[in-house]
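**Student:** The following block contains the structure, expressed as structure tokens.
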Amino acid sequence: MSAADDETQEFHLRAITSLAEISRNDWDALANPHWSLGDNGALSPKAGVESEHQGDDSISEETEFNPFISHDFLSILEESGCVSEHTGWLPQHLLLDAPDGTPVAALPCYLKSHSMGEYVFDHSWADAYHRAGGSYYPKLQSCVPFTPATGRRFLSGAGINRPAAIAALADGLRELCRLRSASSAHVTFLNEAEWEIAGKRGFLQRNDQQFHWLNKGYATFEDFLADLASRKRKQIRKERRAALASGLEIEWVTGKDLTEAHWDAFHAFYEDTGARKWGRPYLNRRFFSLLGERLAHSVLLVMVRREGRMIAGALNLIGSHALFGRNWGCLEDHPFLHFEVCYYQAIAFAIERGLARVEAGAQGAHKLARGYLPTPTYSAHFIAHPGLRDAVADYLESEREAVRREGEAIAQAYSPFKRG
């Protein structure tokens with residue numbers, strides 16, 4: 001399973017209960033093998049990686065830098081206490097070691113006692129299994145906690161036979177499911193290539209969709225608007241004027257300009273939104289401080305001020321080729337401010353940085369009118385109990401077709417872009 005196609009049995013699978021059990025360099029060599037992450041999240045490509053043209057064909061989901069799967073981000077979740085046995089997220093990261101003990105592949109994984117913070121919903125499966133007399137929890141979850149962003153889940157280093165590594169980790173996850181007496185194992189927001197291989201290893205395949213903005217080489221925001229149908233273009237201009245009509249000021253804050261004052265303000269926004277929308281925010285104040293300390297250059301805060309006071313903001317993470325919108329909050333309500341801060345400012349930043357796309361998070365068909373198009377997402381599910389597995393398989397077959405048809409219909413009937 002190495003570059004020399006050594007026999008799989010020469011390699012060893014193990015589970016670790018903390019990212020502290022593997023060095024930052026060893027993990028990142030698997031998570032983002034084409035990139036170097038310096039102090040405060042400063043990013044640089046390793047030799048042979050094209051960095052000048054973000055849309056270059058040499059870059060794909062397999063080779064671009066994704067901040068969420070970095071050692072820094074995942075360990076911040078653990079060190080802040082957002083991810084722990086107490087919160088229902090017990091780390092069970094799988095490592096595949098070469099005969100000399102060097103990690104050559106990995107899978108971020110958690111033993112869970114609930115289904116919160118995942119954005120791929122299986123509550124109905126849990127309820128059905130409970131009514132049948134089974135216990136759905138604990139279950140295993142391979143994902144980035146609280147983060148509905150697509151990226152590699154089956155991580156492997158340069159020079160490794162990647163399909164074989166994915167297969168070995170998928171089989172290892174099934175075995176870990178048995179060892180931990182878990183009802184199931186779920187890999188969410190993985191990429192399509194991983195999804196295909198997982199399907200061949202006995203995982204059920206599921207689809208959903210998000211709305212992503214794609215950069216067609218725009219030099220300015222006006223270039224993007226020129227691609228839209230006239231009615232949509234006028235609507236966006238009207239919304240942008242209205243959003244800032246109350247004398248609001250917007251700033252982009254990233255890198256060394258991030259301060260604890262920014263995090264104090266943003267945490268207040270986040271707590272207010274989380275308490276109203278979900279009832280329990282997932283991220284604590286320490287998480288944001290650690291994020292600013294270790295990944296400042298991978299962070300974009302879009303902050304709104306009125307009369308010098310910060311009153312709203314959005315948190316984004318910056319990849320090598322994508323901007324990932326994550327959280328939004330406000331202390332004052334202003335018309336269209338959410339659209340301006342979360343969608344239009346993200347587009348403007350992506351154009352300025354030459355990023356290939358903006359992923360604006362889960363749900364939200366309203367994003368379509370703002371230039372974000374339906375994009376499929378993927379998840380893979382192993383269910384140990386044959387009866388539950390068969391029932392879920394039947395459901396997913398019809399769900400996949402429904403999702404496909406919906407995506408096609410939305411793109412054809414409601415695309416904001418010019419026809420022809």
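Ordering of the structure tokens sets the chain letters (A, B, ...); residue numbers start at 1 within each chain; ligands are numbered from 1 in the order shown.
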Could you find all residues in region 190-289 of chain A that DSSP calls helix (DSSP H, G or I) from the backbone, and write them as a PyMOL selection string?

**Tutor:** chain A and resi 192-200+221-226+230-243+255-257+260-277+285-289

**Student:** The selected residues should be written to file as a short mmCIF file (atom, residue, chain, number, x, y, z; two decimals), in the first residue's frame (atoms: C-alpha atoms).

**Tutor:**
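Contents of again00.cif, as written:
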data_model
loop_
_atom_site.label_atom_id
_atom_site.label_comp_id
_atom_site.auth_asym_id
_atom_site.auth_seq_id
_atom_site.Cartn_x
_atom_site.Cartn_y
_atom_site.Cartn_z
CA GLU A 192 -16.26 12.42 -4.30
CA ALA A 193 -13.23 10.21 -4.96
CA GLU A 194 -13.18 9.08 -1.32
CA TRP A 195 -16.95 8.59 -1.40
CA GLU A 196 -16.65 6.24 -4.37
CA ILE A 197 -14.01 4.07 -2.68
CA ALA A 198 -15.90 4.00 0.62
CA GLY A 199 -18.95 2.75 -1.28
CA LYS A 200 -16.93 -0.17 -2.55
CA PHE A 221 -17.02 42.61 -8.18
CA GLU A 222 -18.55 44.53 -11.08
CA ASP A 223 -17.20 41.88 -13.46
CA PHE A 224 -19.13 39.29 -11.47
CA LEU A 225 -22.29 41.41 -11.56
CA ALA A 226 -21.96 41.76 -15.33
CA SER A 230 -30.21 42.27 -15.28
CA ARG A 231 -32.89 41.78 -12.61
CA LYS A 232 -30.50 39.92 -10.27
CA ARG A 233 -27.77 42.48 -10.84
CA LYS A 234 -30.10 45.32 -9.86
CA GLN A 235 -31.31 43.39 -6.83
CA ILE A 236 -27.79 42.89 -5.50
CA ARG A 237 -26.86 46.53 -6.00
CA LYS A 238 -30.02 47.57 -4.17
CA GLU A 239 -29.29 45.20 -1.28
CA ARG A 240 -25.71 46.42 -0.94
CA ARG A 241 -26.77 50.07 -0.81
CA ALA A 242 -29.47 49.32 1.76
CA ALA A 243 -27.12 47.26 3.94
CA GLY A 255 -3.32 37.94 10.19
CA LYS A 256 -1.48 40.17 12.65
CA ASP A 257 -4.37 42.67 12.74
CA GLU A 260 -8.53 39.86 21.46
CA ALA A 261 -10.94 42.79 21.16
CA HIS A 262 -12.07 41.41 17.81
CA TRP A 263 -12.57 37.96 19.34
CA ASP A 264 -14.45 39.40 22.33
CA ALA A 265 -16.84 41.12 19.95
CA PHE A 266 -17.23 38.18 17.61
CA HIS A 267 -17.80 35.73 20.46
CA ALA A 268 -20.67 37.94 21.65
CA PHE A 269 -22.16 37.86 18.14
CA TYR A 270 -21.73 34.09 17.96
CA GLU A 271 -23.29 33.48 21.38
CA ASP A 272 -26.30 35.63 20.56
CA THR A 273 -26.95 33.91 17.23
CA GLY A 274 -26.33 30.42 18.61
CA ALA A 275 -28.62 30.92 21.59
CA ARG A 276 -31.47 32.10 19.35
CA LYS A 277 -31.02 29.58 16.55
CA ARG A 285 -14.37 31.81 23.93
CA ARG A 286 -11.04 29.99 24.30
CA PHE A 287 -11.49 28.41 20.87
CA PHE A 288 -11.48 31.83 19.21
CA SER A 289 -8.35 32.97 21.07
#

**Student:** Name the residues in contact with region 409-416 of chain A at a cut-off of 8 Å, using only C-alpha atoms, excluding same-chain residues fewer than 2 positions from it; report them as a list in words.

**Tutor:**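 That gives Leu228, Ala229, Lys232, Leu368, Ala369, Arg370, Gly371, Leu373, Pro374, Arg405, Glu406, Gly407 and Lys418 of chain A.
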
**Student:** Could you list, as a VMD selection string, every residue within 9 Å of region 297-302 of chain A, counting only C-alpha atoms and ignoring same-chain residues fewer than 6 positions away?

**Tutor:** chain A and resid 39 to 43 67 250 to 256 258 262 266 291 312 to 319 323 341 to 342 345 to 346

**Student:** Assign secondary structure with DSSP using the backbone only, and return the residues of region 125-318 of chain A in strand (DSSP E) as a count of residues only.

**Tutor:** 48

**Student:** Nearest to Glu307 (chain A) among A:Leu74, A:Val358, A:Leu248, A:Ile351, with distances taken over only C-alpha atoms: which residue is it?

**Tutor:**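 Answer, going by the shortest atom-to-atom distance: A:Leu248.
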
**Student:** Using only C-alpha atoms, which of the listed residues (A:Leu37, A:Leu169, A:Cys82, A:Ala128) sits closest to Ser142 (chain A)?

**Tutor:** A:Leu169

**Student:** What is the CA of Ile22 (chain A)-CA of Leu94 (chain A) distance in Å, reported with one decimal?

**Tutor:**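 Separation between CA of Ile22 (chain A) and CA of Leu94 (chain A): 11.0 Å.
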
**Student:** Rank nothing, just name the residue among A:Asn215, A:Ser156, A:Ser18, A:Thr188 nearest to Ala106 (chain A), using only C-alpha atoms.

**Tutor:**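 The answer is A:Ser156, which sits nearest to Ala106 (chain A).
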
**Student:** Pick out the closest residue to Pro99 (chain A) from this set: A:Leu13, A:Met310, A:Leu111, A:Ala384. Count only C-alpha atoms.

**Tutor:** A:Leu13
